[in-house]
>>> print(open('my_file31.txt').read())   # compact mmCIF, C-alpha atoms
# COMPACT_ATOMS: atom_id res chain seq x y z
CA MET J 1 1.45 -14.35 10.63
CA VAL J 2 -1.35 -13.72 8.12
CA ASN J 3 -2.61 -17.24 8.79
CA TRP J 4 -2.89 -16.48 12.47
CA ILE J 5 -4.51 -13.09 12.05
CA TRP J 6 -7.08 -14.57 9.70
CA LEU J 7 -7.87 -17.43 12.04
CA PHE J 8 -7.92 -15.04 15.01
CA PHE J 9 -10.50 -12.81 13.33
CA ILE J 10 -12.78 -15.69 12.43
CA VAL J 11 -12.60 -17.53 15.75
CA LEU J 12 -12.91 -14.36 17.83
CA SER J 13 -15.85 -13.21 15.71
CA PHE J 14 -17.59 -16.53 16.24
CA VAL J 15 -17.06 -16.41 20.01
CA ALA J 16 -18.13 -12.78 20.27
CA ALA J 17 -21.21 -13.38 18.12
CA ALA J 18 -22.14 -16.38 20.25
CA ALA J 19 -21.76 -14.29 23.41
CA THR J 20 -23.81 -11.37 22.10
CA GLY J 21 -26.33 -13.42 20.13
CA ARG J 22 -25.46 -12.02 16.71
CA MET J 23 -25.17 -15.24 14.74
CA GLU J 24 -27.50 -14.12 11.98
CA ALA J 25 -25.61 -10.86 11.59
CA LEU J 26 -22.38 -12.86 11.45
CA THR J 27 -23.61 -15.00 8.55
CA GLU J 28 -24.77 -11.93 6.72
CA ALA J 29 -21.45 -10.18 7.37
CA ALA J 30 -19.48 -13.12 5.97
CA PHE J 31 -21.31 -12.95 2.65
CA GLU J 32 -21.28 -9.16 2.63
CA GLY J 33 -17.51 -9.35 3.06
CA ALA J 34 -17.13 -11.80 0.19
CA LYS J 35 -19.22 -9.53 -1.99
CA SER J 36 -17.21 -6.43 -1.18
CA GLY J 37 -14.01 -8.37 -1.87
CA VAL J 38 -15.21 -8.94 -5.42
CA THR J 39 -16.53 -5.38 -5.76
CA VAL J 40 -13.18 -3.93 -4.73
CA SER J 41 -11.32 -6.24 -7.11
CA PHE J 42 -13.59 -5.18 -9.95
CA GLY J 43 -12.96 -1.57 -9.06
CA LEU J 44 -9.27 -2.33 -9.40
CA ILE J 45 -9.65 -3.72 -12.92
CA SER J 46 -10.16 -0.35 -14.60
CA VAL J 47 -7.23 1.38 -12.92
CA MET J 48 -4.95 -1.64 -13.32
CA VAL J 49 -5.71 -2.03 -17.01
CA PHE J 50 -5.30 1.67 -17.72
CA TRP J 51 -2.18 2.37 -15.67
CA LEU J 52 -0.30 -0.78 -16.54
CA GLY J 53 -1.02 -0.04 -20.20
CA LEU J 54 0.31 3.48 -19.88
CA MET J 55 3.30 2.44 -17.81
CA ARG J 56 4.24 -0.27 -20.29
CA ILE J 57 4.64 2.50 -22.85
CA GLY J 58 6.83 4.35 -20.37
CA GLU J 59 8.87 1.23 -19.74
CA ASP J 60 9.42 0.42 -23.40
CA ALA J 61 10.43 4.01 -24.07
CA GLY J 62 13.09 3.74 -21.36
CA LEU J 63 11.46 6.35 -19.13
CA LEU J 64 11.33 4.15 -16.05
CA ARG J 65 15.01 3.40 -16.30
CA LYS J 66 15.70 7.13 -16.50
CA ILE J 67 13.76 7.72 -13.30
CA ALA J 68 15.62 4.86 -11.67
CA VAL J 69 19.01 6.38 -12.52
CA LEU J 70 17.88 9.81 -11.36
CA LEU J 71 16.76 8.64 -7.94
CA GLN J 72 19.63 6.24 -7.38
CA PRO J 73 20.73 7.54 -3.93
CA ILE J 74 17.34 7.16 -2.19
CA VAL J 75 16.80 3.77 -3.72
CA ARG J 76 20.28 2.54 -2.79
CA PHE J 77 19.42 3.29 0.81
CA LEU J 78 15.94 1.75 0.85
CA PHE J 79 16.49 -1.14 -1.56
CA PRO J 80 20.14 -2.14 -1.32
CA ASP J 81 19.56 -5.56 -2.90
CA VAL J 82 17.79 -4.41 -6.06
CA PRO J 83 20.29 -3.96 -8.90
CA ARG J 84 20.92 -0.56 -10.46
CA ASN J 85 18.75 0.33 -13.45
CA HIS J 86 16.36 -2.53 -12.83
CA PRO J 87 12.83 -1.59 -13.99
CA ALA J 88 11.52 -2.42 -10.51
CA ILE J 89 13.12 0.79 -9.26
CA GLY J 90 11.30 2.91 -11.83
CA TYR J 91 8.00 1.42 -10.71
CA ILE J 92 8.86 1.80 -7.03
CA MET J 93 9.62 5.48 -7.56
CA SER J 94 6.41 6.01 -9.57
CA ASN J 95 4.49 4.29 -6.78
CA MET J 96 6.04 6.48 -4.10
CA SER J 97 5.48 9.71 -6.06
CA ALA J 98 1.83 8.77 -6.68
CA ASN J 99 1.37 8.08 -2.96
CA ILE J 100 2.94 11.39 -1.97
CA LEU J 101 0.72 13.31 -4.39
CA GLY J 102 -2.33 11.44 -3.11
CA LEU J 103 -3.04 9.75 -6.44
CA GLY J 104 -4.32 6.55 -4.86
CA ASN J 105 -5.65 4.96 -8.03
CA ALA J 106 -2.30 5.44 -9.76
CA ALA J 107 -0.24 4.30 -6.78
CA THR J 108 -1.75 0.82 -6.48
CA PRO J 109 -1.14 -0.40 -10.05
CA MET J 110 2.44 0.89 -9.96
CA GLY J 111 3.05 -0.71 -6.59
CA ILE J 112 1.73 -4.02 -7.88
CA LYS J 113 3.86 -3.74 -10.98
CA ALA J 114 6.88 -3.02 -8.77
CA MET J 115 6.04 -6.17 -6.79
CA GLN J 116 5.93 -8.18 -10.00
CA GLU J 117 9.33 -6.85 -11.01
CA LEU J 118 10.71 -7.70 -7.56
CA GLN J 119 9.16 -11.16 -7.86
CA LYS J 120 11.35 -11.75 -10.91
CA LEU J 121 14.38 -11.34 -8.65
CA ASN J 122 12.91 -13.65 -6.03
CA PRO J 123 14.39 -17.15 -5.83
CA ASP J 124 11.51 -18.45 -3.69
CA LYS J 125 8.25 -17.40 -5.31
CA ASP J 126 6.10 -18.11 -2.25
CA THR J 127 8.12 -16.05 0.20
CA ALA J 128 8.52 -12.28 0.29
CA THR J 129 12.01 -10.85 -0.18
CA PRO J 130 13.33 -8.02 2.03
CA ALA J 131 12.87 -5.58 -0.85
CA MET J 132 9.20 -6.61 -1.12
CA CYS J 133 8.73 -6.08 2.61
CA THR J 134 10.29 -2.62 2.36
CA LEU J 135 8.03 -1.66 -0.53
CA LEU J 136 5.04 -2.87 1.47
CA ALA J 137 6.14 -0.94 4.55
CA LEU J 138 6.38 2.26 2.50
CA ASN J 139 2.89 1.70 1.13
CA THR J 140 1.15 0.79 4.38
CA SER J 141 2.38 3.99 6.00
CA SER J 142 2.17 5.94 2.75
CA ILE J 143 3.29 9.56 2.98
CA THR J 144 0.58 11.86 1.63
CA LEU J 145 1.04 15.60 1.21
CA VAL J 146 -2.65 16.48 0.96
CA PRO J 147 -5.36 14.20 2.35
CA THR J 148 -7.89 15.36 -0.25
CA THR J 149 -10.73 13.01 0.77
CA LEU J 150 -10.67 14.20 4.37
CA ILE J 151 -10.53 17.85 3.43
CA ALA J 152 -13.59 17.25 1.27
CA ILE J 153 -15.45 15.55 4.14
CA ARG J 154 -14.52 18.35 6.54
CA MET J 155 -15.83 20.86 4.02
CA THR J 156 -19.10 18.91 3.76
CA TYR J 157 -19.62 19.26 7.50
CA SER J 158 -18.81 22.99 7.26
CA SER J 159 -15.47 23.13 9.01
CA ALA J 160 -14.09 26.62 9.64
CA HIS J 161 -10.64 25.43 8.54
CA PRO J 162 -11.00 22.27 6.44
CA ALA J 163 -7.28 22.16 5.62
CA GLU J 164 -5.99 22.72 9.15
CA ILE J 165 -5.30 18.99 9.50
CA VAL J 166 -2.80 19.00 6.62
CA GLY J 167 0.09 19.82 8.94
CA THR J 168 -0.82 17.34 11.67
CA THR J 169 -1.47 14.61 9.10
CA LEU J 170 1.88 15.19 7.43
CA ALA J 171 3.66 15.10 10.80
CA ALA J 172 1.87 11.89 11.83
CA THR J 173 2.51 10.20 8.51
CA LEU J 174 6.21 11.08 8.66
CA VAL J 175 6.46 9.54 12.13
CA ALA J 176 4.60 6.41 10.96
CA THR J 177 6.81 6.08 7.88
CA ALA J 178 9.98 6.53 9.91
CA ALA J 179 8.73 3.82 12.29
CA ALA J 180 7.96 1.54 9.32
CA ILE J 181 11.41 2.01 7.79
CA ALA J 182 13.13 1.51 11.15
CA ALA J 183 11.14 -1.65 11.93
CA ASP J 184 11.73 -2.96 8.41
CA ARG J 185 15.47 -2.38 8.81
CA TRP J 186 15.50 -4.10 12.16
CA TYR J 187 13.70 -7.21 10.90
CA ARG J 188 15.79 -7.22 7.76
CA HIS J 189 18.99 -7.42 9.81
CA ARG J 190 17.53 -9.81 12.35
CA SER J 191 16.34 -12.27 9.76
CA GLY J 192 19.98 -12.72 8.80
CA LYS J 193 20.94 -13.51 5.24
CA PRO J 194 17.81 -12.98 3.17
CA PRO J 195 16.98 -15.17 0.20
CA GLN J 196 18.75 -13.25 -2.50
CA TRP J 197 18.53 -13.41 -6.22
CA LYS J 198 22.25 -14.16 -6.38
CA ASP J 199 21.90 -17.48 -4.59
CA ARG J 200 19.85 -18.83 -7.39
CA GLY J 201 22.80 -19.00 -9.74
CA SER J 202 24.06 -22.24 -8.23
CA SER J 203 20.80 -23.96 -7.43
CA GLY J 204 18.12 -23.17 -9.99
CA PRO J 205 17.57 -25.36 -13.02
CA GLY J 206 19.02 -24.13 -16.26
CA SER J 207 20.66 -21.08 -14.79
CA LYS J 208 24.25 -20.30 -15.50
CA ARG J 209 26.73 -17.98 -13.89
CA GLN J 210 27.43 -15.05 -16.09
CA SER J 211 29.59 -12.04 -15.71
CA GLY J 212 27.76 -8.82 -15.00
CA ASN J 213 24.52 -8.31 -13.17
CA ALA J 214 22.34 -7.39 -16.09
CA GLU J 215 22.83 -10.67 -17.91
CA GLU J 216 22.12 -12.66 -14.82
CA TYR J 217 18.88 -10.80 -14.31
CA ALA J 218 17.92 -11.31 -17.89
CA ALA J 219 18.32 -15.05 -17.39
CA ILE J 220 16.24 -15.06 -14.25
CA ALA J 221 13.66 -12.71 -15.66
CA ASN J 222 13.26 -14.78 -18.78
CA ASP J 223 12.51 -18.09 -17.22
CA ARG J 224 10.46 -16.68 -14.36
CA SER J 225 8.69 -13.69 -15.74
CA THR J 226 5.29 -15.23 -16.25
CA ILE J 227 4.85 -16.23 -12.64
CA GLY J 228 2.24 -14.18 -10.87
CA SER J 229 1.16 -12.22 -13.88
CA VAL J 230 -1.36 -13.71 -16.23
CA GLY J 231 -0.30 -12.98 -19.77
CA GLY J 232 2.96 -11.37 -18.69
CA LYS J 233 5.44 -11.34 -21.50
CA GLY J 234 8.98 -12.51 -21.06
CA GLU J 235 10.72 -9.22 -21.23
CA VAL J 236 14.48 -9.13 -21.40
CA VAL J 237 15.99 -6.94 -18.75
CA VAL J 238 19.24 -5.57 -20.08
CA MET E 1 -0.03 26.52 4.80
CA ARG E 2 -3.00 27.66 2.79
CA SER E 3 -1.05 28.63 -0.31
CA LEU E 4 1.10 25.52 -0.12
CA TYR E 5 -2.07 23.46 0.05
CA GLU E 6 -3.48 25.19 -3.02
CA TRP E 7 -0.22 24.75 -4.86
CA ILE E 8 -0.16 21.03 -4.14
CA THR E 9 -3.80 20.47 -5.12
CA ALA E 10 -3.14 22.30 -8.38
CA LEU E 11 -0.14 20.05 -9.01
CA SER E 12 -2.27 16.98 -8.21
CA ALA E 13 -4.86 18.09 -10.73
CA TRP E 14 -2.25 18.53 -13.48
CA ILE E 15 0.01 15.59 -12.90
CA ILE E 16 -2.14 12.78 -14.32
CA PRO E 17 -3.21 14.53 -17.54
CA LEU E 18 0.44 15.50 -18.04
CA MET E 19 1.54 11.89 -17.63
CA ILE E 20 -1.15 10.64 -20.01
CA VAL E 21 0.09 13.03 -22.64
CA PHE E 22 3.82 13.02 -21.95
CA ILE E 23 4.51 9.27 -21.71
CA PRO E 24 3.07 8.28 -25.12
CA LEU E 25 4.53 11.40 -26.74
CA TYR E 26 8.01 10.65 -25.44
CA ALA E 27 7.63 7.00 -26.45
CA ALA E 28 6.54 7.98 -29.96
CA PHE E 29 9.75 9.99 -30.34
CA ARG E 30 11.65 6.87 -29.29
CA LYS E 31 9.81 4.95 -32.06
CA VAL E 32 7.74 2.81 -29.69
CA PRO E 33 4.43 1.60 -31.21
CA VAL E 34 2.39 3.35 -28.52
CA TYR E 35 -1.06 1.83 -28.84
CA GLU E 36 0.09 -1.76 -29.24
CA THR E 37 2.41 -1.36 -26.29
CA PHE E 38 -0.47 0.08 -24.26
CA LEU E 39 -2.60 -2.96 -25.07
CA SER E 40 0.05 -5.48 -24.06
CA GLY E 41 0.53 -3.76 -20.71
CA ALA E 42 -3.21 -3.36 -20.20
CA GLN E 43 -3.75 -7.06 -20.85
CA GLU E 44 -1.40 -7.84 -18.01
CA GLY E 45 -3.25 -5.43 -15.71
CA PHE E 46 -6.50 -7.25 -16.29
CA GLY E 47 -5.04 -10.62 -15.36
CA THR E 48 -3.47 -9.19 -12.23
CA ALA E 49 -6.74 -7.66 -11.04
CA ILE E 50 -8.50 -11.00 -11.50
CA ASN E 51 -5.73 -12.80 -9.58
CA ILE E 52 -6.37 -10.58 -6.59
CA ILE E 53 -10.04 -11.62 -6.16
CA PRO E 54 -9.56 -14.72 -3.96
CA HIS E 55 -7.13 -12.88 -1.69
CA LEU E 56 -9.47 -9.94 -1.19
CA VAL E 57 -12.55 -12.11 -0.68
CA GLY E 58 -10.78 -14.17 2.00
CA MET E 59 -9.59 -11.11 3.87
CA MET E 60 -12.79 -9.10 3.55
CA VAL E 61 -14.90 -11.98 4.91
CA ALA E 62 -12.78 -12.16 8.06
CA ILE E 63 -12.81 -8.39 8.60
CA SER E 64 -16.53 -8.07 7.92
CA MET E 65 -17.26 -10.85 10.46
CA PHE E 66 -14.96 -9.21 12.98
CA ARG E 67 -16.85 -5.93 12.75
CA ALA E 68 -20.36 -7.41 12.79
CA SER E 69 -19.79 -9.82 15.68
CA GLY E 70 -19.17 -7.12 18.26
CA ALA E 71 -15.65 -8.47 18.86
CA MET E 72 -14.18 -5.08 18.08
CA ASP E 73 -16.31 -3.30 20.69
CA MET E 74 -15.22 -5.90 23.26
CA LEU E 75 -11.55 -5.30 22.50
CA ALA E 76 -12.12 -1.54 22.59
CA SER E 77 -13.72 -1.72 26.04
CA LEU E 78 -10.61 -3.54 27.29
CA ILE E 79 -8.30 -0.72 26.17
CA LYS E 80 -10.60 2.16 27.13
CA PRO E 81 -9.31 2.60 30.74
CA LEU E 82 -5.84 3.29 29.37
CA PHE E 83 -7.23 6.13 27.26
CA ASP E 84 -9.16 7.58 30.18
CA GLN E 85 -5.95 7.58 32.21
CA PHE E 86 -4.34 10.04 29.80
CA SER E 87 -7.63 11.91 29.21
CA ILE E 88 -7.58 11.05 25.50
CA PRO E 89 -11.07 11.00 23.95
CA SER E 90 -11.75 7.26 23.73
CA GLU E 91 -14.21 7.80 20.87
CA VAL E 92 -11.24 7.57 18.48
CA LEU E 93 -10.15 4.18 19.83
CA PRO E 94 -12.26 2.00 17.47
CA LEU E 95 -10.87 4.06 14.60
CA GLY E 96 -7.35 3.04 15.56
CA MET E 97 -8.38 -0.62 15.37
CA LEU E 98 -10.40 -0.19 12.19
CA ARG E 99 -7.81 1.82 10.25
CA PRO E 100 -5.38 -1.00 9.42
CA LEU E 101 -8.23 -3.38 8.55
CA THR E 102 -10.57 -1.56 6.21
CA GLY E 103 -10.17 1.70 4.33
CA ALA E 104 -13.85 2.11 3.50
CA GLY E 105 -14.93 1.09 7.01
CA SER E 106 -12.57 3.47 8.79
CA LEU E 107 -13.48 6.30 6.43
CA ALA E 108 -17.15 5.72 7.25
CA PHE E 109 -16.30 5.73 10.96
CA THR E 110 -14.27 8.95 10.62
CA THR E 111 -17.12 10.62 8.74
CA GLU E 112 -19.49 9.54 11.51
CA LEU E 113 -17.21 11.05 14.18
CA ILE E 114 -16.89 14.31 12.22
CA LYS E 115 -20.64 14.42 11.75
CA THR E 116 -21.37 13.75 15.43
CA PHE E 117 -18.72 15.88 17.12
CA GLY E 118 -18.05 18.45 14.39
CA PRO E 119 -14.97 18.73 12.14
CA ASP E 120 -13.37 21.40 14.33
CA SER E 121 -13.73 19.48 17.60
CA MET E 122 -10.68 17.71 19.04
CA ILE E 123 -12.24 14.33 18.19
CA GLY E 124 -12.92 15.48 14.64
CA ARG E 125 -9.36 16.70 14.21
CA ILE E 126 -7.77 13.60 15.69
CA ALA E 127 -9.99 11.33 13.58
CA SER E 128 -9.13 13.27 10.41
CA THR E 129 -5.42 13.04 11.18
CA ILE E 130 -5.54 9.30 11.93
CA GLN E 131 -7.54 8.56 8.80
CA GLY E 132 -5.28 10.62 6.55
CA SER E 133 -1.90 9.67 7.92
CA THR E 134 -1.73 5.98 7.04
CA ASP E 135 -3.00 3.47 4.53
CA THR E 136 -4.99 0.28 5.11
CA THR E 137 -2.23 -2.19 5.99
CA LEU E 138 -4.20 -5.41 5.52
CA TYR E 139 -5.59 -4.28 2.18
CA VAL E 140 -2.19 -3.21 0.88
CA LEU E 141 -0.65 -6.50 2.01
CA THR E 142 -3.45 -8.59 0.50
CA VAL E 143 -3.45 -6.79 -2.83
CA TYR E 144 0.31 -6.33 -3.32
CA PHE E 145 1.37 -9.80 -2.26
CA GLY E 146 -1.75 -11.43 -3.68
CA ALA E 147 -0.99 -9.99 -7.10
CA VAL E 148 2.34 -11.84 -7.31
CA GLY E 149 1.32 -14.96 -5.40
CA ILE E 150 3.41 -14.41 -2.27
CA ARG E 151 2.00 -16.60 0.50
CA ARG E 152 4.65 -16.20 3.19
CA SER E 153 4.78 -12.50 3.97
CA ARG E 154 7.48 -12.91 6.65
CA TYR E 155 7.71 -9.81 8.87
CA ALA E 156 5.80 -7.45 6.51
CA LEU E 157 2.54 -7.50 8.47
CA LYS E 158 4.27 -6.87 11.80
CA VAL E 159 6.07 -3.88 10.32
CA GLY E 160 2.83 -2.51 8.85
CA LEU E 161 0.84 -2.92 12.06
CA PHE E 162 3.66 -1.48 14.14
CA SER E 163 3.81 1.63 11.98
CA ASP E 164 0.01 1.93 12.22
CA LEU E 165 0.24 1.87 16.00
CA VAL E 166 3.02 4.45 16.01
CA GLY E 167 1.07 6.61 13.56
CA PHE E 168 -2.09 6.34 15.68
CA ILE E 169 -0.30 7.41 18.86
CA ALA E 170 1.60 10.15 17.00
CA ALA E 171 -1.64 11.50 15.50
CA ILE E 172 -3.23 11.80 18.96
CA ILE E 173 -0.19 13.40 20.59
CA ILE E 174 0.40 15.83 17.71
CA CYS E 175 -3.27 16.91 17.65
CA LEU E 176 -3.43 17.38 21.42
CA PHE E 177 -0.23 19.42 21.18
CA VAL E 178 -1.17 21.55 18.16
CA PHE E 179 -4.89 22.11 18.83
CA GLY E 180 -4.90 21.62 22.60
>>> encode(input="my_file31.txt", output="structure tokens")
Amino acid sequence: MVNWIWLFFIVLSFVAAAATGRMEALTEAAFEGAKSGVTVSFGLISVMVFWLGLMRIGEDAGLLRKIAVLLQPIVRFLFPDVPRNHPAIGYIMSNMSANILGLGNAATPMGIKAMQELQKLNPDKDTATPAMCTLLALNTSSITLVPTTLIAIRMTYSSAHPAEIVGTTLAATLVATAAAIAADRWYRHRSGKPPQWKDRGSSGPGSKRQSGNAEEYAAIANDRSTIGSVGGKGEVVV
Amino acid sequence: MRSLYEWITALSAWIIPLMIVFIPLYAAFRKVPVYETFLSGAQEGFGTAINIIPHLVGMMVAISMFRASGAMDMLASLIKPLFDQFSIPSEVLPLGMLRPLTGAGSLAFTTELIKTFGPDSMIGRIASTIQGSTDTTLYVLTVYFGAVGIRRSRYALKVGLFSDLVGFIAAIIICLFVFG
């Protein structure tokens, strides 16, 4: 799907630019886009470095696992195939709380870290698991209590009631999130048996069936943990 | 609504400093070497941010071309009659198309609409609601999956775009209902 969207954008842009005579602008836009891609990534470095550092402290102190236990019921519903007490859940909950409070620069690093934890449970490292798709759905529709940026802009242009859109925004975001969760559920069921971490026990090299979930995760996490994260350490998940 | 808003902004202002202080403090009580642990996590964050660059560059090039070529205006003019039918201000239509693609671009467009039509106009209110009610789907997908090297995103993009569409329509209907 991403392949097609990408190709669609480029081909359609070329055709439209040819029709409207904007070829020079198109060239400029391509390089502008590349530049802003790097600028945005560099902007991410500071928040990623800081938050992942801080959250590693939280993880090692066992805080994330505490959060995961506390919020078990919600997570069981949204992420049925992620094992109890897995650190991924702590990160998912931190990500969701940051989104709700409108802390965008804290939400992204925690969401990415949650993805990396989910990737450890993924038997096929190129393909997203249902849990990953659910996490993404929650983030694309992200529930926000107070849209601070917009209130600030409305204040700048001297609105009589800058915060009057808080209610409508919350209602719209709830509808969008409900739609995301429903669609995610529908696709999850339709796609049949998803690639699950359990399946790996019989197929992967060097993996052995063990009693108890935690040990099995530890095995998977250990031999796969470095994938996707430069300098990731092989943490034991027990 | 006003007091709730103030309460939430106050909470937002406190929450990050509290986390910065509470997490290391709690960890220190649990005998975790706080600074070294911070560094090992931070190291990982740096690598992840660097990994994202190719993904973001690829996506941003396509989106930037799409905007500059006039393709978006062409698509918008195709959908415009539908908006006129329901007497919805069609000025917000490009915003609906821009929102899932680029956060900075759609924020600039929203600001422009607020500036032109006023923040308390129907267009200004609808634009504010659309902009605030959802996140940039393509950016989130690129960054989150790019960071772990997922190349086949399966149905994730469809779900994201579907919820954007639902959110866009909901924002318009809710605003027309509440402020109309």
>>> closest_residue(input="my_file31.txt", among="E:Gly41, E:Gly96, E:Gly124, E:Pro33", to="chain J", atoms="only C-alpha atoms")
E:Gly41
>>> interface_residues(input="my_file31.txt", of="chain E", to="chain J", cutoff="6 Å", atoms="all atoms listed in the file", output="compact mmCIF listing (two decimals) with C-alpha atoms, in the frame of the given file")
# COMPACT_ATOMS: atom_id res chain seq x y z
CA ILE E 23 4.51 9.27 -21.71
CA ALA E 27 7.63 7.00 -26.45
CA THR E 37 2.41 -1.36 -26.29
CA PHE E 38 -0.47 0.08 -24.26
CA LEU E 39 -2.60 -2.96 -25.07
CA GLY E 41 0.53 -3.76 -20.71
CA ALA E 42 -3.21 -3.36 -20.20
CA GLU E 44 -1.40 -7.84 -18.01
CA GLY E 45 -3.25 -5.43 -15.71
CA PHE E 46 -6.50 -7.25 -16.29
CA GLY E 47 -5.04 -10.62 -15.36
CA THR E 48 -3.47 -9.19 -12.23
CA ALA E 49 -6.74 -7.66 -11.04
CA ILE E 53 -10.04 -11.62 -6.16
CA LEU E 56 -9.47 -9.94 -1.19
CA VAL E 57 -12.55 -12.11 -0.68
CA MET E 60 -12.79 -9.10 3.55
CA VAL E 61 -14.90 -11.98 4.91
CA ALA E 62 -12.78 -12.16 8.06
CA SER E 64 -16.53 -8.07 7.92
CA MET E 65 -17.26 -10.85 10.46
CA PHE E 66 -14.96 -9.21 12.98
CA ALA E 68 -20.36 -7.41 12.79
CA SER E 69 -19.79 -9.82 15.68
CA ALA E 71 -15.65 -8.47 18.86
CA PRO E 119 -14.97 18.73 12.14
CA ASP E 120 -13.37 21.40 14.33
CA THR E 129 -5.42 13.04 11.18
CA GLY E 132 -5.28 10.62 6.55
CA SER E 133 -1.90 9.67 7.92
CA THR E 134 -1.73 5.98 7.04
CA ASP E 135 -3.00 3.47 4.53
CA THR E 137 -2.23 -2.19 5.99
CA TYR E 144 0.31 -6.33 -3.32
CA VAL E 148 2.34 -11.84 -7.31
CA GLY E 149 1.32 -14.96 -5.40
CA ILE E 150 3.41 -14.41 -2.27
CA ARG E 151 2.00 -16.60 0.50
CA ARG E 152 4.65 -16.20 3.19
CA SER E 153 4.78 -12.50 3.97
CA ALA E 156 5.80 -7.45 6.51
CA VAL E 159 6.07 -3.88 10.32
CA GLY E 160 2.83 -2.51 8.85
CA SER E 163 3.81 1.63 11.98
CA VAL E 166 3.02 4.45 16.01
CA GLY E 167 1.07 6.61 13.56
CA ALA E 170 1.60 10.15 17.00
CA ALA E 171 -1.64 11.50 15.50
>>> atom_distance(input="my_file31.txt", atom1="CA of Arg84 (chain J)", atom2="CA of Ile67 (chain J)")
11.3 Å
>>> atom_distance(input="my_file31.txt", atom1="CA of Val140 (chain E)", atom2="CA of Ile114 (chain E)")
25.5 Å
>>> residues_around(input="my_file31.txt", residues="Leu107 (chain E)", least_positions_apart="2", cutoff="10 Å", atoms="only C-alpha atoms", output="NGL selection string")
(:J and (149-150 or 153)) or (:E and (95 or 98-99 or 102-105 or 109-113 or 127-128 or 131-132))
>>> atom_distance(input="my_file31.txt", atom1="CA of Leu78 (chain E)", atom2="CA of Ile169 (chain E)")
17.2 Å
>>> closest_residue(input="my_file31.txt", among="E:Lys158, E:Cys175, E:Asp84, E:Thr142", to="Asn51 (chain E)", atoms="only C-alpha atoms")
E:Thr142
>>> residues_around(input="my_file31.txt", residues="Pro94 (chain E)", least_positions_apart="6", cutoff="9 Å", atoms="only C-alpha atoms", output="JSON list (two decimals) with C-alpha atoms, in the frame of the given file")
[["chain", "number", "residue", "atom", "x", "y", "z"],
["E", 72, "MET", "CA", -14.18, -5.08, 18.08],
["E", 73, "ASP", "CA", -16.31, -3.30, 20.69],
["E", 75, "LEU", "CA", -11.55, -5.30, 22.50],
["E", 76, "ALA", "CA", -12.12, -1.54, 22.59],
["E", 106, "SER", "CA", -12.57, 3.47, 8.79],
["E", 109, "PHE", "CA", -16.30, 5.73, 10.96]]
